[in-house]
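Structure below is start_3.cif: mmCIF, C-alpha atoms.
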```cif
data_work
loop_
_atom_site.label_atom_id
_atom_site.label_comp_id
_atom_site.auth_asym_id
_atom_site.auth_seq_id
_atom_site.Cartn_x
_atom_site.Cartn_y
_atom_site.Cartn_z
CA MET K 1 151.77 11.82 15.05
CA TRP K 2 150.50 10.43 18.31
CA ALA K 3 152.51 8.37 20.82
CA ASP K 4 151.50 6.48 23.96
CA ILE K 5 153.73 7.81 26.77
CA THR K 6 152.53 5.57 29.61
CA GLU K 7 154.97 3.10 31.10
CA GLU K 8 152.47 0.25 30.70
CA GLN K 9 151.62 1.29 27.12
CA ASP K 10 147.98 1.00 28.08
CA GLY K 11 146.79 3.88 25.91
CA GLY K 12 146.13 6.04 28.95
CA ILE K 13 148.02 9.09 27.67
CA PHE K 14 148.57 9.92 24.00
CA LYS K 15 150.84 12.79 23.05
CA GLY K 16 150.91 14.88 19.89
CA ILE K 17 153.46 17.66 19.41
CA LYS K 18 152.11 21.01 18.13
CA ARG K 19 155.46 22.84 18.31
CA GLU K 20 158.91 21.39 18.81
CA GLY K 21 161.09 22.62 21.66
CA LYS K 22 164.07 24.87 21.11
CA GLY K 23 167.32 23.41 19.85
CA PRO K 24 168.34 19.91 18.75
CA TYR K 25 168.31 18.59 22.28
CA THR K 26 167.66 15.09 23.53
CA PRO K 27 167.11 13.88 27.11
CA ARG K 28 169.71 16.16 28.64
CA ARG K 29 167.22 19.02 28.33
CA TYR K 30 164.24 17.07 29.58
CA GLY K 31 162.85 17.89 32.98
CA LYS K 32 163.79 15.35 35.64
CA LYS K 33 162.62 14.48 39.13
CA GLY K 34 163.43 17.38 41.44
CA ASP K 35 163.07 20.06 38.74
CA THR K 36 160.56 22.85 39.20
CA ILE K 37 158.66 23.10 35.91
CA TYR K 38 156.47 26.00 34.74
CA VAL K 39 153.81 25.64 32.07
CA HIS K 40 150.75 27.22 30.52
CA TYR K 41 147.92 24.82 29.81
CA GLU K 42 144.29 24.45 28.88
CA ALA K 43 142.15 21.54 30.07
CA GLN K 44 139.11 20.39 28.11
CA ILE K 45 136.60 17.59 28.67
CA ARG K 46 136.83 15.47 25.51
CA LYS K 47 133.20 14.39 25.41
CA THR K 48 131.62 17.86 25.81
CA LYS K 49 134.51 19.96 24.36
CA LYS K 50 134.14 22.19 27.43
CA THR K 51 137.30 24.02 28.56
CA PHE K 52 137.19 24.14 32.35
CA HIS K 53 140.58 25.66 33.06
CA SER K 54 143.11 27.86 31.26
CA THR K 55 146.19 29.38 32.86
CA ARG K 56 146.49 31.84 30.00
CA LYS K 57 143.05 33.25 30.69
CA ILE K 58 143.69 33.71 34.39
CA GLY K 59 147.24 34.96 33.78
CA LYS K 60 148.93 32.45 36.08
CA GLU K 61 151.63 29.95 35.26
CA PHE K 62 151.23 26.44 36.60
CA GLY K 63 154.33 25.16 38.34
CA PHE K 64 155.41 22.29 40.55
CA THR K 65 158.40 20.18 41.42
CA LEU K 66 158.58 16.87 39.60
CA GLY K 67 158.23 14.01 42.05
CA VAL K 68 156.79 16.32 44.72
CA ALA K 69 153.05 16.77 45.24
CA GLN K 70 153.14 20.55 45.45
CA MET K 71 151.73 23.23 43.17
CA THR K 72 152.36 26.95 43.04
CA MET K 73 148.68 27.72 42.44
CA LYS K 74 146.36 28.84 45.22
CA ASP K 75 143.99 26.30 46.75
CA GLU K 76 140.94 27.69 44.96
CA ASP K 77 142.69 27.36 41.58
CA ARG K 78 143.90 23.78 41.97
CA ARG K 79 142.76 21.01 39.69
CA GLN K 80 144.19 18.03 41.48
CA SER K 81 143.65 14.50 42.69
CA THR K 82 143.62 13.49 46.33
CA ASP K 83 147.41 13.03 46.50
CA GLY K 84 148.00 16.65 45.48
CA ILE K 85 148.76 16.30 41.77
CA LEU K 86 147.36 14.47 38.75
CA PRO K 87 149.38 11.39 37.71
CA PHE K 88 149.30 12.82 34.18
CA TRP K 89 151.71 15.65 34.98
CA GLY K 90 154.43 13.42 36.35
CA LEU K 91 154.38 11.32 33.15
CA ALA K 92 153.85 14.04 30.54
CA LEU K 93 156.24 16.84 31.49
CA PRO K 94 159.43 14.75 31.56
CA THR K 95 158.82 14.00 27.86
CA MET K 96 158.77 17.67 26.86
CA LYS K 97 161.55 20.00 25.83
CA LYS K 98 161.85 23.64 26.78
CA GLY K 99 159.56 25.73 24.58
CA GLU K 100 157.60 22.68 23.36
CA ARG K 101 153.83 22.77 23.00
CA ALA K 102 151.91 19.50 22.91
CA VAL K 103 148.41 18.07 23.17
CA PHE K 104 147.73 15.14 25.51
CA VAL K 105 144.64 12.94 25.44
CA VAL K 106 144.37 11.60 28.98
CA LYS K 107 142.05 8.87 30.20
CA SER K 108 140.46 9.23 33.61
CA LYS K 109 142.92 6.77 35.21
CA TYR K 110 145.63 9.42 34.81
CA ALA K 111 143.37 12.43 35.33
CA TYR K 112 140.44 12.83 37.77
CA GLY K 113 139.46 9.20 38.02
CA PRO K 114 136.02 7.79 39.01
CA ASP K 115 135.34 10.74 41.35
CA GLY K 116 135.80 13.50 38.79
CA LEU K 117 136.21 17.03 40.13
CA THR K 118 133.65 18.91 42.18
CA MET K 119 134.12 22.43 43.52
CA LYS K 120 131.61 24.29 45.69
CA ASN K 121 128.99 21.62 45.00
CA GLU K 122 129.43 22.17 41.24
CA ILE K 123 130.56 19.28 39.04
CA ILE K 124 133.50 20.59 37.02
CA VAL K 125 134.67 17.26 35.61
CA PRO K 126 132.25 14.32 35.51
CA PRO K 127 133.47 10.93 36.76
CA ASN K 128 135.59 8.81 34.40
CA SER K 129 136.14 11.67 31.98
CA THR K 130 138.86 11.73 29.32
CA ILE K 131 140.65 15.10 29.37
CA ILE K 132 142.49 16.90 26.59
CA PHE K 133 145.42 19.00 27.85
CA ASP K 134 147.10 21.61 25.64
CA VAL K 135 150.45 22.21 27.38
CA GLU K 136 153.31 24.63 26.70
CA LEU K 137 156.50 24.06 28.68
CA LEU K 138 157.79 27.54 29.51
CA ARG K 139 160.90 26.80 31.54
CA TRP K 140 162.23 24.79 34.41
CA GLU K 141 164.64 25.24 37.25
CA GLY K 142 166.85 22.42 38.42
CA GLU K 143 167.67 21.64 42.03
CA ASP K 144 169.61 24.42 43.76
CA VAL K 145 172.93 22.89 44.83
CA THR K 146 174.63 26.02 46.19
CA ASN K 147 175.38 26.46 49.88
CA LYS K 148 173.73 29.89 49.88
CA MET K 149 170.66 28.55 48.03
CA ASP K 150 170.82 31.51 45.65
CA LYS K 151 169.99 29.47 42.51
CA SER K 152 173.35 30.32 40.96
CA ILE K 153 173.94 26.61 40.21
CA LEU K 154 170.94 24.47 39.26
CA ARG K 155 171.17 20.73 38.64
CA SER K 156 168.81 18.45 36.73
CA LEU K 157 169.58 14.75 36.96
CA ILE K 158 169.64 12.80 33.71
CA GLU K 159 171.12 9.52 34.96
CA ALA K 160 171.04 8.64 38.66
CA GLY K 161 174.45 6.95 38.87
CA ASP K 162 175.76 5.07 41.88
CA GLN K 163 173.95 5.53 45.16
CA TYR K 164 176.98 6.14 47.38
CA GLY K 165 180.38 7.80 47.22
CA LYS K 166 181.26 11.31 46.09
CA VAL K 167 184.52 12.93 45.11
CA ASN K 168 186.10 15.35 47.58
CA LEU K 169 188.46 18.30 47.27
CA ASP K 170 191.78 17.19 45.74
CA GLY K 171 190.25 13.90 44.59
CA ARG K 172 191.02 12.79 41.03
CA VAL K 173 188.08 13.04 38.62
CA THR K 174 187.42 11.72 35.13
CA ALA K 175 184.36 13.38 33.63
CA SER K 176 182.68 13.87 30.29
CA ILE K 177 181.84 17.58 29.99
CA THR K 178 179.92 19.36 27.25
CA GLY K 179 179.48 23.11 27.62
CA TYR K 180 176.90 25.40 25.99
CA HIS K 181 176.59 29.15 25.63
CA ASN K 182 173.18 30.24 24.38
CA ASP K 183 172.60 26.74 22.98
CA ARG K 184 175.96 26.80 21.16
CA GLN K 185 178.38 24.04 22.09
CA PHE K 186 181.85 25.35 22.97
CA ILE K 187 183.49 22.33 24.62
CA ASN K 188 182.89 18.60 24.37
CA ASP K 189 185.58 16.36 25.79
CA GLN K 190 186.61 13.97 28.52
CA PHE K 191 188.64 15.65 31.26
CA LYS K 192 190.90 14.26 33.96
CA PHE K 193 191.64 16.72 36.74
CA THR K 194 192.09 17.21 40.44
CA CYS K 195 188.91 18.45 42.10
CA GLY K 196 189.63 22.06 42.93
CA ASP K 197 191.89 22.60 39.93
CA ALA K 198 189.30 22.73 37.13
CA GLU K 199 190.32 26.29 36.24
CA LEU K 200 193.79 25.07 35.32
CA LEU K 201 192.10 23.29 32.38
CA GLU K 202 190.21 26.49 31.46
CA LEU K 203 187.02 25.04 32.92
CA PRO K 204 184.82 27.29 35.11
CA LYS K 205 185.40 27.11 38.85
CA GLY K 206 181.77 26.07 39.26
CA ILE K 207 182.70 22.67 37.83
CA ASP K 208 184.63 21.94 41.05
CA GLU K 209 181.54 22.76 43.10
CA VAL K 210 179.29 20.54 41.00
CA VAL K 211 181.42 17.39 40.78
CA GLN K 212 181.74 17.24 44.57
CA GLN K 213 177.99 16.66 44.72
CA MET K 214 177.87 13.92 42.07
CA THR K 215 178.40 10.18 42.27
CA LYS K 216 180.09 7.83 39.81
CA ASN K 217 178.10 7.30 36.58
CA GLN K 218 175.78 10.15 37.47
CA ARG K 219 174.88 12.53 34.65
CA ALA K 220 173.35 15.95 35.13
CA TRP K 221 172.36 19.07 33.24
CA ILE K 222 173.87 22.10 35.00
CA GLN K 223 172.73 25.71 34.69
CA MET K 224 175.51 27.95 36.00
CA ASP K 225 175.42 31.67 36.76
CA SER K 226 178.27 33.84 35.45
CA LYS K 227 179.85 34.20 38.89
CA TRP K 228 180.65 30.46 38.77
CA CYS K 229 181.82 30.64 35.15
CA TYR K 230 184.35 33.08 33.75
CA GLY K 231 182.93 36.19 35.40
CA SER K 232 184.41 39.41 34.02
CA ALA K 233 186.93 37.51 31.89
CA LYS K 234 186.28 37.35 28.16
CA MET K 235 187.04 33.87 26.82
CA ASP K 236 187.85 34.58 23.17
CA LYS K 237 189.05 31.01 22.74
CA PHE K 238 185.50 29.78 23.31
CA GLY K 239 183.70 32.84 21.97
CA ILE K 240 182.20 33.59 25.38
CA PRO K 241 181.59 37.23 26.39
CA ARG K 242 182.03 38.69 29.86
CA PHE K 243 179.48 37.84 32.56
CA ALA K 244 177.97 34.98 30.55
CA SER K 245 175.90 32.23 32.16
CA LEU K 246 176.59 28.75 30.83
CA ASP K 247 175.00 25.30 30.68
CA PHE K 248 176.82 21.98 31.04
CA ASP K 249 176.09 18.32 30.45
CA ILE K 250 178.35 16.49 32.91
CA LYS K 251 178.82 12.79 33.55
CA ILE K 252 181.19 11.42 36.20
CA ILE K 253 183.01 8.51 34.59
CA ASP K 254 185.30 7.70 37.50
CA PHE K 255 186.95 9.29 40.52
CA GLU K 256 189.37 8.58 43.30
CA ARG K 257 188.80 10.33 46.59
CA ALA K 258 191.65 12.22 48.19
CA PRO K 259 192.67 10.54 51.45
CA GLU K 260 191.06 11.92 54.57
CA ILE K 261 193.56 13.62 56.85
CA ALA K 262 192.25 11.74 59.88
CA THR K 263 193.19 8.41 58.25
CA MET K 264 196.74 9.42 57.28
CA GLU K 265 199.89 8.31 59.04
CA LYS K 266 201.73 11.19 60.65
CA CYS K 267 204.47 11.32 58.05
CA GLU K 268 201.84 11.20 55.30
CA ARG K 269 200.23 14.25 56.85
CA LEU K 270 203.42 16.22 56.51
CA GLU K 271 203.89 15.06 52.94
CA TYR K 272 200.31 16.11 52.19
CA ALA K 273 200.81 19.47 53.93
CA GLU K 274 203.78 20.22 51.68
CA GLU K 275 201.69 19.31 48.63
CA MET K 276 198.97 21.70 49.76
CA ARG K 277 201.55 24.42 50.39
CA VAL K 278 202.80 24.18 46.82
CA LYS K 279 199.27 24.17 45.37
CA GLY K 280 198.21 27.05 47.57
CA LYS K 281 201.20 29.08 46.43
CA GLU K 282 200.33 28.43 42.79
CA TRP K 283 196.75 29.66 43.27
CA PHE K 284 197.95 32.66 45.28
CA GLN K 285 200.29 33.68 42.48
CA ARG K 286 197.39 33.40 40.04
CA GLY K 287 195.46 35.85 42.21
CA ASP K 288 192.78 33.34 43.22
CA PHE K 289 192.95 33.82 46.97
CA LYS K 290 189.84 31.76 47.70
CA GLN K 291 191.36 28.69 46.04
CA ALA K 292 194.66 29.36 47.79
CA LEU K 293 192.82 29.66 51.11
CA GLN K 294 191.29 26.20 50.67
CA ARG K 295 194.74 24.64 50.11
CA PHE K 296 196.39 26.44 53.01
CA THR K 297 193.48 25.43 55.25
CA ARG K 298 194.05 21.79 54.33
CA MET K 299 197.75 22.32 54.97
CA TRP K 300 197.01 23.66 58.44
CA GLU K 301 194.60 20.81 59.21
CA ALA K 302 197.24 18.25 58.22
CA VAL K 303 199.78 19.54 60.77
CA SER K 304 197.42 20.76 63.49
CA ASP K 305 197.73 17.69 65.73
CA THR K 306 200.39 19.42 67.82
CA LYS K 307 200.71 17.08 70.79
CA GLU K 308 201.31 13.99 68.68
CA MET K 309 203.37 15.61 65.95
CA ARG K 310 205.91 17.30 68.20
CA HIS K 311 207.33 14.09 69.60
CA LEU K 312 207.91 12.19 66.35
CA ASP K 313 211.37 10.83 65.64
CA GLY K 314 213.03 11.74 62.33
CA VAL K 315 212.24 9.31 59.53
CA SER K 316 213.69 9.50 56.03
CA ILE K 317 211.08 9.42 53.24
CA SER K 318 211.68 9.21 49.50
CA MET K 319 209.51 11.36 47.25
CA GLY K 320 210.27 12.16 43.64
CA GLY K 321 213.79 10.72 43.94
CA ALA K 322 214.80 12.97 46.83
CA ASP K 323 215.19 12.01 50.52
CA TRP K 324 213.82 14.46 53.05
CA ARG K 325 212.97 14.22 56.73
CA TRP K 326 209.32 15.29 56.94
CA CYS K 327 208.68 13.54 60.21
CA SER K 328 211.23 15.62 62.07
CA HIS K 329 210.17 18.08 64.75
CA THR K 330 211.70 21.00 62.83
CA ASN K 331 209.91 20.39 59.55
CA ARG K 332 206.54 19.92 61.20
CA GLU K 333 206.92 23.18 63.09
CA LEU K 334 207.96 25.06 59.95
CA LEU K 335 204.91 23.78 58.06
CA TRP K 336 202.62 24.68 60.93
CA GLN K 337 203.96 28.23 61.03
CA ALA K 338 203.85 28.57 57.24
CA ALA K 339 200.21 27.47 57.19
CA HIS K 340 199.16 30.25 59.57
CA LEU K 341 201.30 32.83 57.77
CA ASN K 342 199.87 31.89 54.38
CA LEU K 343 196.30 31.85 55.66
CA ALA K 344 196.83 35.30 57.14
CA LEU K 345 198.21 36.60 53.84
CA CYS K 346 195.19 35.25 51.94
CA TYR K 347 192.79 36.91 54.35
CA MET K 348 194.74 40.17 54.05
CA ARG K 349 194.35 40.08 50.26
CA MET K 350 190.65 39.36 50.72
CA ASP K 351 190.35 42.30 53.14
CA GLU K 352 189.34 39.99 55.99
CA ILE K 353 191.72 41.52 58.51
CA LYS K 354 190.00 40.03 61.56
CA PHE K 355 190.70 36.48 60.35
CA ALA K 356 194.23 37.39 59.30
CA LEU K 357 195.01 38.67 62.81
CA ASP K 358 193.51 35.53 64.32
CA HIS K 359 195.98 33.29 62.47
CA LEU K 360 198.90 35.59 63.20
CA ASP K 361 198.05 35.62 66.91
CA ARG K 362 197.89 31.81 66.94
CA CYS K 363 201.31 31.64 65.35
CA LEU K 364 202.81 34.21 67.72
CA ALA K 365 201.30 32.47 70.76
CA GLU K 366 203.50 29.46 69.95
CA TYR K 367 206.40 31.33 68.32
CA PRO K 368 206.58 34.91 69.67
CA ARG K 369 209.81 35.61 67.76
CA ASN K 370 208.44 34.77 64.32
CA GLU K 371 209.50 37.80 62.25
CA LYS K 372 207.05 37.25 59.40
CA ALA K 373 204.12 36.95 61.77
CA LEU K 374 205.08 40.17 63.55
CA TYR K 375 205.65 41.99 60.27
CA ARG K 376 202.31 40.89 58.78
CA LYS K 377 200.52 41.78 61.99
CA GLY K 378 201.99 45.25 61.64
CA GLN K 379 200.67 45.38 58.07
CA CYS K 380 197.21 44.40 59.32
CA TYR K 381 197.23 47.22 61.84
CA LEU K 382 198.29 49.65 59.11
CA LEU K 383 195.31 48.57 57.01
CA GLN K 384 193.09 49.25 60.01
CA LYS K 385 194.75 52.67 60.60
CA GLU K 386 195.94 51.51 64.02
CA PHE K 387 199.31 53.21 63.66
CA LYS K 388 200.54 52.86 67.26
CA SER K 389 200.00 49.10 67.26
CA ALA K 390 201.65 48.86 63.84
CA VAL K 391 204.78 50.65 65.10
CA GLU K 392 205.02 48.27 68.07
CA CYS K 393 204.94 45.27 65.72
CA PHE K 394 207.61 46.63 63.40
CA ARG K 395 209.82 47.56 66.36
CA SER K 396 209.44 44.00 67.66
CA VAL K 397 210.74 42.81 64.29
CA LEU K 398 213.80 45.04 64.66
CA VAL K 399 214.51 43.66 68.13
CA ILE K 400 214.81 40.20 66.55
CA HIS K 401 216.40 41.34 63.31
CA PRO K 402 217.97 44.82 63.68
CA GLU K 403 218.93 44.97 60.00
CA CYS K 404 215.41 44.40 58.64
CA ASN K 405 215.06 47.27 56.15
CA LEU K 406 211.39 46.50 55.45
CA ALA K 407 210.46 47.13 59.09
CA LYS K 408 212.56 50.32 59.16
CA ARG K 409 210.85 51.66 56.05
CA GLN K 410 207.40 50.89 57.45
CA ILE K 411 208.16 52.80 60.67
CA GLY K 412 209.44 55.70 58.57
CA ARG K 413 206.23 55.73 56.54
CA ILE K 414 203.88 55.57 59.48
CA LYS K 415 204.38 59.16 60.63
CA GLN K 416 203.50 60.40 57.16
CA LEU K 417 200.51 58.04 56.87
CA GLU K 418 199.26 59.08 60.29
CA ASP K 419 199.45 62.79 59.38
CA GLU K 420 197.62 62.17 56.08
CA TYR K 421 194.91 60.21 57.89
CA LYS K 422 194.43 63.01 60.44
CA GLN K 423 194.14 65.57 57.64
CA GLN K 424 191.51 63.44 55.91
CA ARG K 425 189.48 63.15 59.11
CA LEU K 426 189.72 66.89 59.78
CA ALA K 427 188.56 67.60 56.23
CA SER K 428 185.63 65.21 56.68
CA PHE K 429 184.60 66.82 59.97
CA GLY K 430 184.99 70.26 58.40
CA ARG K 431 182.57 69.40 55.61
CA PHE K 432 180.18 67.94 58.18
CA PHE K 433 180.00 71.16 60.25
CA LYS K 434 179.95 73.30 57.12
CA ASP K 435 176.92 71.45 55.82
#
```
Can you dump the structure from the file as structure tokens?
Amino acid sequence: MWADITEEQDGGIFKGIKREGKGPYTPRRYGKKGDTIYVHYEAQIRKTKKTFHSTRKIGKEFGFTLGVAQMTMKDEDRRQSTDGILPFWGLALPTMKKGERAVFVVKSKYAYGPDGLTMKNEIIVPPNSTIIFDVELLRWEGEDVTNKMDKSILRSLIEAGDQYGKVNLDGRVTASITGYHNDRQFINDQFKFTCGDAELLELPKGIDEVVQQMTKNQRAWIQMDSKWCYGSAKMDKFGIPRFASLDFDIKIIDFERAPEIATMEKCERLEYAEEMRVKGKEWFQRGDFKQALQRFTRMWEAVSDTKEMRHLDGVSISMGGADWRWCSHTNRELLWQAAHLNLALCYMRMDEIKFALDHLDRCLAEYPRNEKALYRKGQCYLLQKEFKSAVECFRSVLVIHPECNLAKRQIGRIKQLEDEYKQQRLASFGRFFKD
């Protein structure tokens, strides 16, 4: 069965399907503007039945980005119009599904036009020729939306949505999400969640990354690598094995952006910092230190305006039925210290000792008698095998708090750890000279 696929319905391109694409998919699996699409095709002049190009014969796929006049083929292999690509391709490929093979009868208006195609003084396609294309859509890659541009999250737009406004971290999102594993649907529901907390609903963490780049009413097909999904976890509930890549059909129904810290009143900042502290602690206890780090960073940003915050008068605020004095000097300082201590602890768990020490030094520069900061700095030095510096930190803790048993035990352990480390180094050097 043939169908006219031109927008004007002028009979310029007729399509007939030879083989259906894989799966019972509708437009969500169609290529969209911005996708890089790869095909095999043969091109034949209808009048003479002469095949003048075949990617299968030359062993090269034909690929380009929809909406962009750019091909992957070398200059000498191009079959193109003056603007870089035949109008036919931009109209035909978005109608095809992955794995589909179809025949297109294309009038010259959408092919090589009144000039035809001449190469090296040889007429390949006469002027005003109708061309028959036999096309197989092999695969496509959506737009890479990762910061590292490693193609671990690819997005294909289905519906453009609003032009402006995107959700931010901690914004409230309402989204329709359908998930697929190897073409099998495993979730299909409407979700309401805080951006950054998708995992709490057993959604992959990659969902948080994606929705921050989408606008209201926008719909997209998402191809997500396993590192953004469930990773090494086996999701028996959904029948998903370890290290599985997943696909999602996502539409943003509505969202409410989290307030920007710069626009908050000073007391609101402290209220927000406490909220981030609680969320960060929850993620830390779950063992997701990256998520915890994001919350503690926001916490720190909310209370980092030192000069203004330190001179606020105490104001009573009601939250959840309880009165508490967040705008007091004491509470602001405690939150500021806690932010640096928590950030340091996250970096320690992530084995980023340099960054952990940076936050501890900032805290100690303002509060040199902070026991936790001194103790954690000692722990950092232990991890770096800097035993002398570690002892100095733990002794500083004991000067402030002589009964701190944790510091005493660490000092007692250091001599043993130092001896073991020396023995290991001697053994390593011994093997080196022996070899």
Centre and edge lengths, as JSON, for the axis-aligned box enclosing every listed atom of stretch 334-348 of chain K with 3 Å of padding on each of the six sides, in Å to one decimal?
```
{"center_x": 200.4, "center_y": 32.0, "center_z": 56.5, "size_x": 21.2, "size_y": 22.4, "size_z": 15.1}
```
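Our summary of the geometry notes that atom CA of K:Arg349 is positioned 14.1 Å from atom CA of K:Phe296.
Candidate residues K:Asn121, K:Asp144, K:Tyr381, K:Phe284 were compared for distance to K:Asn342, and the nearest is K:Phe284, using only C-alpha atoms.
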* Asked: Once the PyMOL selection byres ((chain K and resi 400) around 12) has been applied to the shown file, what residues remain in the selection, as JSON, numbers by chain?
  -> {"K": [368, 369, 370, 371, 372, 374, 375, 393, 394, 395, 396, 397, 398, 399, 401, 402, 403, 404, 407]}
* **Point-to-point distance in Å for atom CA of K:Ile207 and atom CA of K:Ile187** => 13.2 Å
* List every protein, DNA or RNA residue with an atom no more than 10 Å from (208.3, 51.8, 60.1) in the file's coordinates, counting only C-alpha atoms, and format the result as a ChimeraX atom specification. => /K:378,387,390-395,398,405-415
Return as a Markdown table the residues of stretch 116-157 of chain K lying at most 10 Å from stretch 234-252 of chain K, together with the closest atom-to-atom pair for each and the distance in Å to one decimal, counting all atoms listed in the file, with rows in chain order and ascending residue number.
```
| residue | atom | partner | partner_atom | distance |
| --- | --- | --- | --- | --- |
| K:Ser152 | CA | K:Ser245 | CA | 9.4 |
| K:Ile153 | CA | K:Asp247 | CA | 9.7 |
| K:Leu154 | CA | K:Asp247 | CA | 9.5 |
| K:Arg155 | CA | K:Phe248 | CA | 9.6 |
| K:Ser156 | CA | K:Asp249 | CA | 9.6 |
| K:Leu157 | CA | K:Ile250 | CA | 9.8 |
```
* To do: Return as a PyMOL selection string the set of residues that the PyMOL selection byres ((chain K and resi 43-54) around 6) yields on the displayed structure.
  => chain K and resi 41-42+55-57+130-133
* **Spatial neighbours of K:Asp115, 8 Å, all atoms listed in the file, chain gap at least 2 places, as a PyMOL selection string** => chain K and resi 112-113+117+126-128
* Asked: When distances are computed from all atoms listed in the file, which of K:Val135, K:Cys195, K:Cys229, K:Met214 shows the smallest separation from K:Tyr180?
  ->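 Of the candidates, the smallest distance to K:Tyr180 is held by K:Cys229.
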* Find, counting all atoms listed in the file, the residue in K:Ser129, K:Ile353, K:Gln379, K:Gly59 that gets nearest to K:Pro114. =>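 Among the listed residues, K:Ser129 lies closest to K:Pro114.
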Mind checking which residues fall within 9 Å of K:Arg172, counting all atoms listed in the file, ignoring those fewer than 4 positions away in the same chain, and posting them as a compact mmCIF listing (two decimals) with C-alpha atoms, in the frame of the given file?
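Final output, saved to part27.txt:
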```txt
# COMPACT_ATOMS: atom_id res chain seq x y z
CA VAL K 167 184.52 12.93 45.11
CA ASN K 168 186.10 15.35 47.58
CA LYS K 192 190.90 14.26 33.96
CA PHE K 193 191.64 16.72 36.74
CA THR K 194 192.09 17.21 40.44
CA CYS K 195 188.91 18.45 42.10
CA ASP K 254 185.30 7.70 37.50
CA PHE K 255 186.95 9.29 40.52
CA GLU K 256 189.37 8.58 43.30
CA ARG K 257 188.80 10.33 46.59
CA ALA K 258 191.65 12.22 48.19
```
* To do: Work out how far apart atom CA of K:Lys266 and atom CA of K:Leu335 are and give it in Å to one decimal.
  =>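 About the pair atom CA of K:Lys266 and atom CA of K:Leu335: they are 13.2 Å apart.
Closest to K:Thr174 among K:Ile253, K:Leu200, K:Ala220, K:Ala356 is K:Ile253, based on all atoms listed in the file.
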Check which residues satisfy the PyMOL selection byres ((chain K and resi 283) around 12) in the file shown, then give them as a compact mmCIF listing (two decimals) with C-alpha atoms, in the coordinates of the input.
```
# COMPACT_ATOMS: atom_id res chain seq x y z
CA GLY K 196 189.63 22.06 42.93
CA ASP K 197 191.89 22.60 39.93
CA ALA K 198 189.30 22.73 37.13
CA GLU K 199 190.32 26.29 36.24
CA LEU K 200 193.79 25.07 35.32
CA MET K 276 198.97 21.70 49.76
CA ARG K 277 201.55 24.42 50.39
CA VAL K 278 202.80 24.18 46.82
CA LYS K 279 199.27 24.17 45.37
CA GLY K 280 198.21 27.05 47.57
CA LYS K 281 201.20 29.08 46.43
CA GLU K 282 200.33 28.43 42.79
CA PHE K 284 197.95 32.66 45.28
CA GLN K 285 200.29 33.68 42.48
CA ARG K 286 197.39 33.40 40.04
CA GLY K 287 195.46 35.85 42.21
CA ASP K 288 192.78 33.34 43.22
CA PHE K 289 192.95 33.82 46.97
CA LYS K 290 189.84 31.76 47.70
CA GLN K 291 191.36 28.69 46.04
CA ALA K 292 194.66 29.36 47.79
CA LEU K 293 192.82 29.66 51.11
CA GLN K 294 191.29 26.20 50.67
CA ARG K 295 194.74 24.64 50.11
CA PHE K 296 196.39 26.44 53.01
CA ASN K 342 199.87 31.89 54.38
CA CYS K 346 195.19 35.25 51.94
```
Would you write out, as a tab-separated table, a table of all residues in stretch 66-168 of chain K that have an atom no more than 7 Å from an atom of stretch 11-15 of chain K, listing for each the closest atom pair and the distance in Å to one decimal, considering all atoms listed in the file and ordering rows by chain and rising residue number?
```
residue	atom	partner	partner_atom	distance
K:Ala102	CA	K:Lys15	CA	6.8
K:Val103	CA	K:Lys15	CA	5.8
K:Phe104	CA	K:Lys15	CA	4.6
K:Val105	CA	K:Phe14	CA	5.2
K:Val106	CA	K:Ile13	CA	4.6
K:Lys107	CA	K:Gly12	CA	5.1
K:Tyr110	CA	K:Gly12	CA	6.8
```
